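Okay, final32.tsv is below, TSV, C-alpha atoms:
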chain	number	residue	atom	x	y	z
K	1	MET	CA	9.70	36.05	1.36
K	2	LYS	CA	6.00	35.39	0.70
K	3	ASP	CA	4.23	33.17	3.22
K	4	THR	CA	2.41	30.82	0.85
K	5	VAL	CA	1.31	28.35	3.53
K	6	ASP	CA	0.13	30.57	6.41
K	7	ALA	CA	3.06	29.39	8.52
K	8	PHE	CA	4.22	32.68	10.07
K	9	VAL	CA	2.99	34.82	12.94
K	10	GLU	CA	5.57	37.45	12.05
K	11	ILE	CA	8.05	37.73	9.19
K	12	PHE	CA	11.33	39.57	9.72
K	13	GLU	CA	15.01	38.99	9.01
K	14	LEU	CA	17.78	38.55	11.54
K	15	GLU	CA	21.23	37.72	10.23
K	16	GLY	CA	23.34	35.05	11.87
K	17	ALA	CA	27.10	34.91	12.32
K	18	SER	CA	29.24	35.30	9.23
K	19	ASP	CA	30.33	31.67	9.35
K	20	GLY	CA	29.56	28.42	11.15
K	21	PRO	CA	27.98	25.01	10.53
K	22	LEU	CA	24.70	26.61	9.41
K	23	ALA	CA	26.12	29.41	7.26
K	24	GLY	CA	23.91	30.05	4.24
K	25	LEU	CA	20.82	28.43	5.77
K	26	ASP	CA	17.55	30.03	6.88
K	27	PHE	CA	15.39	29.03	9.84
K	28	ALA	CA	12.05	29.86	11.41
K	29	ALA	CA	11.29	29.69	15.14
K	30	LYS	CA	8.09	28.44	16.75
K	31	ASP	CA	6.35	31.23	18.64
K	32	ILE	CA	7.21	29.80	22.04
K	33	PHE	CA	10.89	30.78	21.66
K	34	ASP	CA	11.91	34.28	22.68
K	35	VAL	CA	13.46	36.48	20.01
K	36	ALA	CA	14.89	39.73	21.31
K	37	GLY	CA	12.65	42.67	20.43
K	38	HIS	CA	9.65	40.50	19.55
K	39	VAL	CA	6.62	39.32	21.49
K	40	THR	CA	6.27	35.61	22.29
K	41	GLY	CA	2.56	34.90	21.88
K	42	CYS	CA	2.49	31.11	22.29
K	43	GLY	CA	-0.50	30.77	19.96
K	44	ASN	CA	-2.94	32.57	22.27
K	45	PRO	CA	-4.14	36.18	21.79
K	46	THR	CA	-4.60	36.76	25.53
K	47	MET	CA	-1.03	35.74	26.27
K	48	ALA	CA	0.30	37.75	23.33
K	49	ALA	CA	-1.58	40.89	24.37
K	50	ALA	CA	-0.11	40.79	27.87
K	51	ALA	CA	3.45	40.05	26.74
K	52	THR	CA	6.24	42.56	26.27
K	53	PRO	CA	9.00	42.15	23.69
K	54	ALA	CA	11.69	39.71	24.80
K	55	SER	CA	14.96	41.18	26.03
K	56	ALA	CA	17.10	38.28	24.80
K	57	HIS	CA	16.98	35.31	22.46
K	58	ALA	CA	15.98	31.88	23.74
K	59	ASP	CA	18.97	29.55	23.96
K	60	PRO	CA	18.12	27.49	20.82
K	61	VAL	CA	17.53	30.65	18.74
K	62	ALA	CA	20.82	32.13	19.91
K	63	ALA	CA	22.65	28.89	19.10
K	64	LEU	CA	21.35	28.73	15.52
K	65	LEU	CA	22.16	32.40	14.91
K	66	ALA	CA	25.66	31.90	16.33
K	67	ALA	CA	26.10	28.95	13.96
K	68	GLY	CA	25.46	31.21	10.97
K	69	ALA	CA	21.77	30.62	10.21
K	70	ARG	CA	19.49	33.52	9.32
K	71	LEU	CA	16.17	33.82	11.16
K	72	ARG	CA	13.23	34.56	8.85
K	73	GLY	CA	10.49	34.97	11.46
K	74	LYS	CA	8.26	33.34	14.08
K	75	THR	CA	5.82	30.59	13.22
K	76	HIS	CA	2.38	29.51	14.37
K	77	THR	CA	1.86	27.05	17.19
K	78	ASP	CA	-1.18	25.33	18.65
K	79	GLU	CA	-2.36	27.27	21.70
K	80	ILE	CA	0.20	27.03	24.52
K	81	ALA	CA	1.68	24.13	22.48
K	82	TYR	CA	-0.99	21.86	24.00
K	83	SER	CA	-2.14	19.86	20.96
K	84	LEU	CA	-0.88	17.64	18.16
K	85	MET	CA	-2.97	18.56	15.11
K	86	GLY	CA	-1.87	22.07	14.13
K	87	ALA	CA	-5.30	23.72	14.27
K	88	ASN	CA	-5.58	27.03	16.11
K	89	ALA	CA	-9.06	28.47	16.76
K	90	HIS	CA	-7.67	32.03	16.72
K	91	HIS	CA	-5.07	31.97	13.97
K	92	GLY	CA	-6.24	29.17	11.71
K	93	THR	CA	-4.37	26.12	10.46
K	94	PRO	CA	-1.14	26.31	8.43
K	95	VAL	CA	-1.18	24.46	5.11
K	96	ASN	CA	0.23	20.96	4.90
K	97	PRO	CA	2.37	21.39	1.75
K	98	ALA	CA	2.47	17.63	1.10
K	99	ASP	CA	-1.32	17.27	1.07
K	100	PRO	CA	-3.30	20.51	1.54
K	101	ARG	CA	-6.46	18.52	2.34
K	102	ARG	CA	-4.92	17.54	5.65
K	103	VAL	CA	-3.79	19.22	8.87
K	104	PRO	CA	-0.03	19.79	9.20
K	105	GLY	CA	0.24	18.47	12.74
K	106	GLY	CA	1.30	20.39	15.82
K	107	SER	CA	2.02	21.93	18.01
K	108	SER	CA	5.02	22.98	15.87
K	109	SER	CA	2.63	23.56	12.97
K	110	GLY	CA	4.09	26.67	11.38
K	111	SER	CA	7.67	25.46	11.57
K	112	VAL	CA	6.87	22.18	9.83
K	113	SER	CA	4.76	23.91	7.20
K	114	ALA	CA	7.44	26.50	6.41
K	115	THR	CA	10.13	23.83	6.14
K	116	ALA	CA	8.08	21.41	4.04
K	117	ALA	CA	7.12	24.27	1.67
K	118	GLY	CA	10.77	25.23	1.19
K	119	LEU	CA	10.36	28.69	2.75
K	120	VAL	CA	13.19	27.91	5.20
K	121	ASP	CA	15.80	25.19	5.49
K	122	ILE	CA	15.23	24.55	9.20
K	123	GLY	CA	12.12	24.71	11.34
K	124	LEU	CA	12.83	25.16	15.05
K	125	GLY	CA	10.17	23.54	17.22
K	126	SER	CA	9.61	21.81	20.52
K	127	ASP	CA	8.50	18.29	21.35
K	128	THR	CA	6.74	17.36	24.58
K	129	GLY	CA	4.34	14.62	23.49
K	130	GLY	CA	5.07	14.46	19.77
K	131	SER	CA	4.94	18.06	18.56
K	132	VAL	CA	7.86	17.63	16.14
K	133	ARG	CA	7.67	13.93	15.38
K	134	MET	CA	4.04	13.79	14.27
K	135	PRO	CA	4.10	16.96	12.11
K	136	ALA	CA	7.23	15.62	10.39
K	137	SER	CA	5.37	12.41	9.59
K	138	PHE	CA	2.29	14.31	8.40
K	139	CYS	CA	4.26	16.62	6.08
K	140	GLY	CA	6.76	14.11	4.72
K	141	ILE	CA	10.00	15.58	6.07
K	142	TYR	CA	12.56	14.76	8.78
K	143	GLY	CA	11.85	15.66	12.39
K	144	MET	CA	14.09	15.28	15.45
K	145	ARG	CA	13.16	15.18	19.13
K	146	SER	CA	16.31	15.57	21.23
K	147	SER	CA	17.15	13.77	24.46
K	148	HIS	CA	15.48	15.49	27.39
K	149	GLY	CA	17.81	18.04	28.93
K	150	ALA	CA	20.45	17.76	26.21
K	151	ILE	CA	19.81	21.25	24.78
K	152	PRO	CA	19.37	24.32	27.01
K	153	MET	CA	15.89	25.89	26.71
K	154	GLN	CA	16.16	29.16	28.66
K	155	GLY	CA	13.78	31.67	27.09
K	156	THR	CA	11.31	29.02	25.92
K	157	MET	CA	7.72	28.78	27.13
K	158	PRO	CA	7.39	25.65	29.26
K	159	LEU	CA	4.54	23.20	28.73
K	160	ALA	CA	5.48	20.18	30.86
K	161	PRO	CA	9.12	20.72	31.86
K	162	SER	CA	10.06	17.10	32.58
K	163	PHE	CA	8.96	16.24	29.00
K	164	ASP	CA	9.81	19.42	27.04
K	165	THR	CA	12.63	19.13	24.51
K	166	VAL	CA	14.01	21.11	21.59
K	167	GLY	CA	13.17	19.67	18.18
K	168	TRP	CA	13.72	20.65	14.58
K	169	PHE	CA	12.67	19.90	11.00
K	170	ALA	CA	14.64	19.61	7.77
K	171	ARG	CA	14.05	18.25	4.30
K	172	ASP	CA	17.22	16.13	4.35
K	173	PRO	CA	19.18	14.34	7.08
K	174	GLU	CA	22.40	16.24	6.33
K	175	THR	CA	20.76	19.50	7.41
K	176	LEU	CA	19.30	17.74	10.44
K	177	ASP	CA	22.85	16.75	11.39
K	178	ARG	CA	24.23	20.26	10.90
K	179	VAL	CA	21.60	21.61	13.28
K	180	ALA	CA	22.53	18.97	15.87
K	181	ASP	CA	26.13	20.15	15.61
K	182	ALA	CA	25.08	23.78	16.05
K	183	LEU	CA	23.03	22.89	19.12
K	184	GLY	CA	25.98	21.17	20.77
K	185	LEU	CA	24.98	17.51	20.38
K	186	HIS	CA	28.24	15.62	20.00
K	187	PRO	CA	28.45	12.36	17.99
K	188	ALA	CA	31.30	10.63	19.78
K	189	GLY	CA	30.65	6.94	20.37
K	190	GLN	CA	27.08	7.03	19.10
K	191	SER	CA	26.11	4.21	16.75
K	192	VAL	CA	22.88	2.23	16.34
K	193	THR	CA	23.81	-1.41	15.81
K	194	ARG	CA	20.57	-3.32	16.27
K	195	LEU	CA	16.87	-2.78	15.60
K	196	LEU	CA	13.97	-3.81	17.85
K	197	LEU	CA	10.48	-4.05	16.40
K	198	PRO	CA	7.81	-3.32	19.07
K	199	VAL	CA	4.92	-5.41	17.80
K	200	ASP	CA	2.38	-3.80	20.14
K	201	ALA	CA	3.20	-0.35	18.72
K	202	TRP	CA	3.04	-1.60	15.13
K	203	ALA	CA	-0.41	-3.01	15.91
K	204	ARG	CA	-1.61	0.55	16.60
K	205	ALA	CA	-0.89	1.57	12.99
K	206	ALA	CA	-3.44	1.05	10.23
K	207	PRO	CA	-2.59	-1.83	7.83
K	208	GLU	CA	-2.09	0.57	4.93
K	209	THR	CA	0.39	2.56	7.04
K	210	VAL	CA	2.34	-0.60	7.85
K	211	GLU	CA	2.50	-1.38	4.15
K	212	ALA	CA	3.61	2.15	3.26
K	213	VAL	CA	6.51	2.28	5.72
K	214	SER	CA	7.72	-1.27	5.10
K	215	PRO	CA	10.19	-0.32	2.31
K	216	ALA	CA	11.87	2.16	4.68
K	217	LEU	CA	12.07	-0.55	7.33
K	218	ALA	CA	13.65	-2.87	4.76
K	219	ARG	CA	16.36	-0.29	4.01
K	220	LEU	CA	17.22	-0.07	7.68
K	221	GLU	CA	17.26	-3.86	8.01
K	222	ALA	CA	19.57	-4.09	4.99
K	223	ARG	CA	22.04	-2.05	7.02
K	224	LEU	CA	21.59	-3.59	10.48
K	225	GLY	CA	19.95	-6.97	9.97
K	226	PRO	CA	16.37	-8.06	10.69
K	227	ALA	CA	14.61	-6.21	13.50
K	228	THR	CA	13.99	-8.35	16.58
K	229	PRO	CA	10.30	-8.44	17.63
K	230	VAL	CA	9.64	-7.30	21.21
K	231	ILE	CA	6.68	-6.37	23.38
K	232	LEU	CA	7.28	-2.77	24.30
K	233	ALA	CA	4.68	-2.28	27.04
K	234	PRO	CA	3.81	-5.41	29.06
K	235	GLU	CA	1.21	-3.33	30.94
K	236	GLY	CA	-0.34	-2.18	27.65
K	237	LEU	CA	0.34	0.94	25.62
K	238	ASP	CA	-3.01	2.33	26.73
K	239	THR	CA	-1.65	2.26	30.30
K	240	TRP	CA	1.51	4.06	29.19
K	241	ARG	CA	-0.60	6.66	27.39
K	242	GLU	CA	-2.65	7.29	30.52
K	243	THR	CA	0.54	7.64	32.55
K	244	PHE	CA	1.77	10.23	30.07
K	245	ARG	CA	-1.56	12.05	30.00
K	246	VAL	CA	-1.71	12.50	33.77
K	247	CYS	CA	1.95	13.44	34.23
K	248	GLN	CA	1.88	15.93	31.37
K	249	ALA	CA	-1.43	17.49	32.41
K	250	ALA	CA	-0.33	17.95	36.02
K	251	GLU	CA	2.84	19.72	34.90
K	252	VAL	CA	0.89	21.86	32.41
K	253	TRP	CA	-1.37	23.05	35.21
K	254	GLN	CA	1.63	23.77	37.43
K	255	ALA	CA	3.15	25.87	34.65
K	256	HIS	CA	0.03	27.71	33.47
K	257	GLY	CA	-2.81	27.17	35.93
K	258	ALA	CA	-2.35	30.44	37.79
K	259	TRP	CA	-2.36	32.37	34.50
K	260	VAL	CA	-5.47	30.54	33.27
K	261	GLU	CA	-7.36	31.35	36.46
K	262	ARG	CA	-6.22	34.98	36.44
K	263	ALA	CA	-6.53	35.81	32.73
K	264	ASN	CA	-9.47	33.54	31.84
K	265	PRO	CA	-8.26	33.21	28.23
K	266	ALA	CA	-10.52	32.03	25.43
K	267	PHE	CA	-9.23	28.63	24.24
K	268	GLY	CA	-10.24	26.62	21.22
K	269	PRO	CA	-12.46	23.60	22.01
K	270	GLY	CA	-9.84	20.84	22.23
K	271	VAL	CA	-7.36	22.97	24.16
K	272	ALA	CA	-10.08	24.15	26.55
K	273	ASP	CA	-11.00	20.53	27.27
K	274	ARG	CA	-7.39	19.63	28.00
K	275	PHE	CA	-6.92	22.54	30.39
K	276	ARG	CA	-10.12	21.56	32.25
K	277	MET	CA	-8.78	18.02	32.53
K	278	ALA	CA	-5.41	19.32	33.74
K	279	ALA	CA	-7.07	21.39	36.44
K	280	ALA	CA	-8.85	18.30	37.76
K	281	ILE	CA	-5.74	16.12	38.27
K	282	GLU	CA	-5.46	15.27	41.96
K	283	ALA	CA	-2.23	14.82	43.91
K	284	GLU	CA	-2.69	11.08	44.48
K	285	GLU	CA	-3.46	10.49	40.80
K	286	TRP	CA	-0.29	12.33	39.84
K	287	ARG	CA	1.74	10.37	42.41
K	288	ARG	CA	0.58	7.05	40.94
K	289	ALA	CA	1.33	8.27	37.42
K	290	ARG	CA	4.86	9.29	38.41
K	291	ALA	CA	5.43	5.82	39.84
K	292	GLY	CA	4.14	4.35	36.59
K	293	ARG	CA	6.52	6.56	34.67
K	294	GLU	CA	9.46	5.12	36.56
K	295	THR	CA	8.35	1.64	35.46
K	296	VAL	CA	8.27	2.83	31.86
K	297	ARG	CA	11.72	4.37	32.12
K	298	GLU	CA	13.17	1.17	33.53
K	299	ARG	CA	11.57	-0.87	30.75
K	300	MET	CA	12.87	1.46	28.04
K	301	GLN	CA	16.36	1.58	29.53
K	302	THR	CA	16.45	-2.22	29.71
K	303	LEU	CA	15.44	-2.57	26.07
K	304	LEU	CA	17.61	0.16	24.59
K	305	THR	CA	21.10	-0.85	25.65
K	306	GLY	CA	24.13	-1.70	23.58
K	307	GLY	CA	23.20	0.40	20.55
K	308	CYS	CA	19.62	-0.87	20.19
K	309	ALA	CA	16.90	1.30	18.68
K	310	LEU	CA	13.16	0.82	18.43
K	311	VAL	CA	11.72	1.12	14.93
K	312	LEU	CA	8.00	1.84	14.53
K	313	PRO	CA	5.57	3.95	12.49
K	314	THR	CA	5.62	7.51	13.78
K	315	SER	CA	1.84	7.83	13.59
K	316	PRO	CA	-1.16	5.51	13.13
K	317	GLY	CA	-1.74	6.94	9.67
K	318	PRO	CA	-1.57	10.08	7.55
K	319	ALA	CA	-2.78	13.41	8.89
K	320	PRO	CA	-6.54	13.75	9.41
K	321	LEU	CA	-8.44	15.91	6.95
K	322	ARG	CA	-8.77	19.60	7.81
K	323	GLU	CA	-12.55	19.38	8.09
K	324	ALA	CA	-12.47	16.43	10.51
K	325	ALA	CA	-14.66	16.84	13.57
K	326	GLU	CA	-13.01	17.65	16.90
K	327	ALA	CA	-14.09	14.25	18.27
K	328	ASP	CA	-12.40	12.48	15.35
K	329	LEU	CA	-9.21	14.49	15.87
K	330	ASP	CA	-9.22	13.59	19.54
K	331	ARG	CA	-9.61	9.86	18.81
K	332	PHE	CA	-6.69	10.01	16.39
K	333	ARG	CA	-4.67	11.91	18.98
K	334	MET	CA	-5.25	9.21	21.60
K	335	ARG	CA	-4.09	6.46	19.22
K	336	ALA	CA	-1.06	8.50	18.21
K	337	LEU	CA	-0.05	9.15	21.81
K	338	GLU	CA	0.24	5.42	22.42
K	339	MET	CA	2.96	5.38	19.76
K	340	LEU	CA	4.59	8.68	20.74
K	341	CYS	CA	4.56	8.53	24.55
K	342	PRO	CA	7.36	5.94	25.12
K	343	ALA	CA	10.14	8.35	24.10
K	344	GLY	CA	8.58	11.18	26.08
K	345	LEU	CA	8.11	9.17	29.25
K	346	ALA	CA	11.70	7.93	29.10
K	347	GLY	CA	13.25	11.25	28.03
K	348	MET	CA	14.74	9.58	24.95
K	349	PRO	CA	15.46	10.96	21.47
K	350	GLN	CA	13.35	10.01	18.49
K	351	ILE	CA	13.66	10.78	14.80
K	352	SER	CA	10.90	10.59	12.20
K	353	LEU	CA	11.94	9.70	8.65
K	354	PRO	CA	9.74	10.28	5.59
K	355	ALA	CA	8.72	6.77	4.59
K	356	GLY	CA	5.73	6.64	2.24
K	357	THR	CA	2.19	7.83	1.56
K	358	VAL	CA	-1.34	6.62	2.28
K	359	ASP	CA	-4.13	8.14	0.17
K	360	GLY	CA	-1.82	10.98	-0.80
K	361	GLY	CA	-0.82	11.78	2.80
K	362	PRO	CA	2.73	11.18	4.02
K	363	VAL	CA	3.54	8.72	6.80
K	364	GLY	CA	6.82	8.48	8.68
K	365	LEU	CA	8.95	5.81	10.29
K	366	GLY	CA	10.30	6.50	13.77
K	367	LEU	CA	13.49	5.45	15.53
K	368	VAL	CA	13.90	5.72	19.32
K	369	ALA	CA	17.24	5.22	21.08
K	370	ALA	CA	18.72	5.64	24.55
K	371	ARG	CA	19.32	9.09	25.98
K	372	GLY	CA	22.34	10.73	24.40
K	373	MET	CA	22.06	8.73	21.16
K	374	ASP	CA	20.67	11.66	19.15
K	375	ARG	CA	23.50	11.82	16.62
K	376	GLY	CA	23.48	8.05	16.22
K	377	LEU	CA	19.85	8.22	15.10
K	378	ILE	CA	20.64	10.98	12.61
K	379	ALA	CA	23.60	9.01	11.25
K	380	LEU	CA	21.34	6.01	10.66
K	381	ALA	CA	18.81	8.25	8.90
K	382	ARG	CA	21.56	9.54	6.61
K	383	ASP	CA	22.63	5.99	5.81
K	384	ALA	CA	19.06	4.97	5.02
K	385	ALA	CA	18.57	7.98	2.77
K	386	ASN	CA	21.76	7.16	0.86
K	387	ARG	CA	20.56	3.60	0.32
K	388	ARG	CA	17.28	4.90	-1.09
K	389	ASP	CA	19.14	7.25	-3.44
Would you encode the structure as structure tokens?
Amino acid sequence: MKDTVDAFVEIFELEGASDGPLAGLDFAAKDIFDVAGHVTGCGNPTMAAAATPASAHADPVAALLAAGARLRGKTHTDEIAYSLMGANAHHGTPVNPADPRRVPGGSSSGSVSATAAGLVDIGLGSDTGGSVRMPASFCGIYGMRSSHGAIPMQGTMPLAPSFDTVGWFARDPETLDRVADALGLHPAGQSVTRLLLPVDAWARAAPETVEAVSPALARLEARLGPATPVILAPEGLDTWRETFRVCQAAEVWQAHGAWVERANPAFGPGVADRFRMAAAIEAEEWRRARAGRETVRERMQTLLTGGCALVLPTSPGPAPLREAAEADLDRFRMRALEMLCPAGLAGMPQISLPAGTVDGGPVGLGLVAARGMDRGLIALARDAANRRD
């Protein structure tokens, strides 16, 4: 296999079981998942240099191999998975196959790039604040964030453990569903029956993005009826974003602060800024943010009962251009987090469907449902794809 999109840290071949739900398919694993005999570098040269080869596969890698998939290598990630754009100051930026002018999104950058380019059938990633959902939108493929805690993650580098989830990419919803089966997500009793349209989240998207995803929304409404408008965040999505920022950063520092202080690694500019911010979070600030998170969870649980799902643009717009300034990337990231943080704060699953393009760059449509409704979201995505075909 030739890496035509700079997606891989390391290319190798590891055969899966002789049969299973993923027999005949290839996958690539983000370089935060352990693969026995290989170093897990997590996108940072200092961490990679100090690491020894893993003694066992991470749980999600082992599950895909046991289901018959063949592993083709480990893929690039933003440093310590602490970004959303896909740029890495040490290793560069994988190509966005849908629009090479633009970043691919991150932090599961290599996995989305390899999948969108057709180098593998499945890209294994992780999603804490949007690291599968936004790259899927940017590269015009399907991306799934699982319910928090639904898939074991032993052998995976933590970022913010109360947010971290397994996620994956595919070019069609049928493959997405086969992966869910392999990872042990059972479909019994899961069905989305009603759509809610969070008008405050839609207002965060650019008008041209709203126009581009509207046909995909119409296909979903043809199946389930008109989406009911709701206000998602009575306190304001900017408040929810700040709650997410503080909770995530505090957990990041708990997970990695001692290593940062000991190893003094060289970080790229945006990642360095985020680690400095994480180090400065005080206990009382984190306590207030955790209380705010409980309010968000209660609100989301109240809304998403009885088979309801939120439908909203995955991202404010297409991926930023590769040459965009760091300040511009950070502004986009803040807007995007207001649309991505509800699922993360509530521990809920979200799927991103390819929905349209804006100035040549793909944009996706997202669906968020109650915890445990992962397979219901994928089933709805399959139905929508069949209607389009």
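The space between atom CA of K:Met144 and atom CA of K:Met300 spans 18.7 Å.
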Quick one: residues within 10 Å of K:Ile151, only C-alpha atoms, excluding same-chain residues fewer than 3 positions away - as a PDB file with C-alpha atoms, keeping the file's coordinate frame?
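selection29.pdb, freshly written:
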ATOM      1  CA  ASP K  59      18.970  29.550  23.960  1.00  0.00           C
ATOM      2  CA  PRO K  60      18.120  27.490  20.820  1.00  0.00           C
ATOM      3  CA  ALA K  63      22.650  28.890  19.100  1.00  0.00           C
ATOM      4  CA  SER K 146      16.310  15.570  21.230  1.00  0.00           C
ATOM      5  CA  SER K 147      17.150  13.770  24.460  1.00  0.00           C
ATOM      6  CA  HIS K 148      15.480  15.490  27.390  1.00  0.00           C
ATOM      7  CA  GLN K 154      16.160  29.160  28.660  1.00  0.00           C
ATOM      8  CA  THR K 165      12.630  19.130  24.510  1.00  0.00           C
ATOM      9  CA  VAL K 166      14.010  21.110  21.590  1.00  0.00           C
ATOM     10  CA  GLY K 167      13.170  19.670  18.180  1.00  0.00           C
ATOM     11  CA  ALA K 180      22.530  18.970  15.870  1.00  0.00           C
ATOM     12  CA  LEU K 183      23.030  22.890  19.120  1.00  0.00           C
ATOM     13  CA  GLY K 184      25.980  21.170  20.770  1.00  0.00           C
ATOM     14  CA  LEU K 185      24.980  17.510  20.380  1.00  0.00           C
TER      15      LEU K 185
END
Inset, instruction - Pick out the closest residue to K:Ala222 from this set: K:Ala7, K:Ala343, K:Ala56, K:Ala384. Count all atoms listed in the file. - result: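 Looking at the shortest contact to K:Ala222, the residue is K:Ala384.
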Legend entry - K:Arg288 surroundings by all atoms listed in the file, 9 Å radius, close-in-sequence under 5 positions cut, as a list in words: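 Surrounding residues, per the criterion: Thr243, Ala283 and Arg293 of chain K.
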Which residues of stretch 282-316 of chain K sit at most 12 Å from stretch 131-136 of chain K, using all atoms listed in the file? Give each one's shortest atom pair and distance in Å (one decimal place), in chain and ascending residue order, as JSON lines.
{"residue": "K:Pro313", "atom": "CA", "partner": "K:Met134", "partner_atom": "CA", "distance": 10.1}
{"residue": "K:Thr314", "atom": "CA", "partner": "K:Met134", "partner_atom": "CA", "distance": 6.5}
{"residue": "K:Ser315", "atom": "CA", "partner": "K:Met134", "partner_atom": "CA", "distance": 6.4}
{"residue": "K:Pro316", "atom": "CA", "partner": "K:Met134", "partner_atom": "CA", "distance": 9.8}
Inset, instruction - Report the distance between atom CA of K:Gly16 and atom CA of K:Ser55 in Å, rounded to one decimal place. - result: 17.6 Å
Inset, instruction - Select, from K:Ala170, K:Gly68, K:Val120, K:Thr46, the residue with the minimum atom-to-atom distance to K:Ile11, counting only C-alpha atoms. - result: K:Val120
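Nearest to K:Val363 of all the residues K:Pro342, K:Gly140, K:Gly130, K:Gly86 is K:Gly140, based on all atoms listed in the file.
Atom CA of K:Gly106 lies 4.7 Å from atom CA of K:Met85.
Across K:Ala29, K:Leu217, K:Ala309, K:Leu84, the tightest approach to K:Ala385 is made by K:Leu217 when counting all atoms listed in the file.
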Legend entry - For K:Met339, the nearest of the candidates K:Gly225, K:Gly366, K:Gly24, K:Gly105, counting all atoms listed in the file: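 Looking at the shortest contact to K:Met339, the residue is K:Gly366.
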Inset, instruction - Identify which of the residues K:Arg178, K:His38, K:Arg245, K:Arg331 lies closest to K:Ile281, counting only C-alpha atoms when measuring atom-to-atom distances. - result: K:Arg245
Inset, instruction - Please write as a PyMOL selection string the list of polymer residues whose atoms come within 7 Å of (6.7, 31.6, 13.6), counting only C-alpha atoms and keeping to the coordinates of the file. - result: chain K and resi 7-10+28-31+73-76+110-111
Legend entry - Protein/DNA/RNA residues near (-1.3, 36.1, 34.5), cut 12 Å, only C-alpha atoms, as a list of chain:residue names: K:Thr46, K:Met47, K:Ala48, K:Ala49, K:Ala50, K:Ala51, K:Ala255, K:His256, K:Gly257, K:Ala258, K:Trp259, K:Val260, K:Glu261, K:Arg262, K:Ala263, K:Asn264, K:Pro265
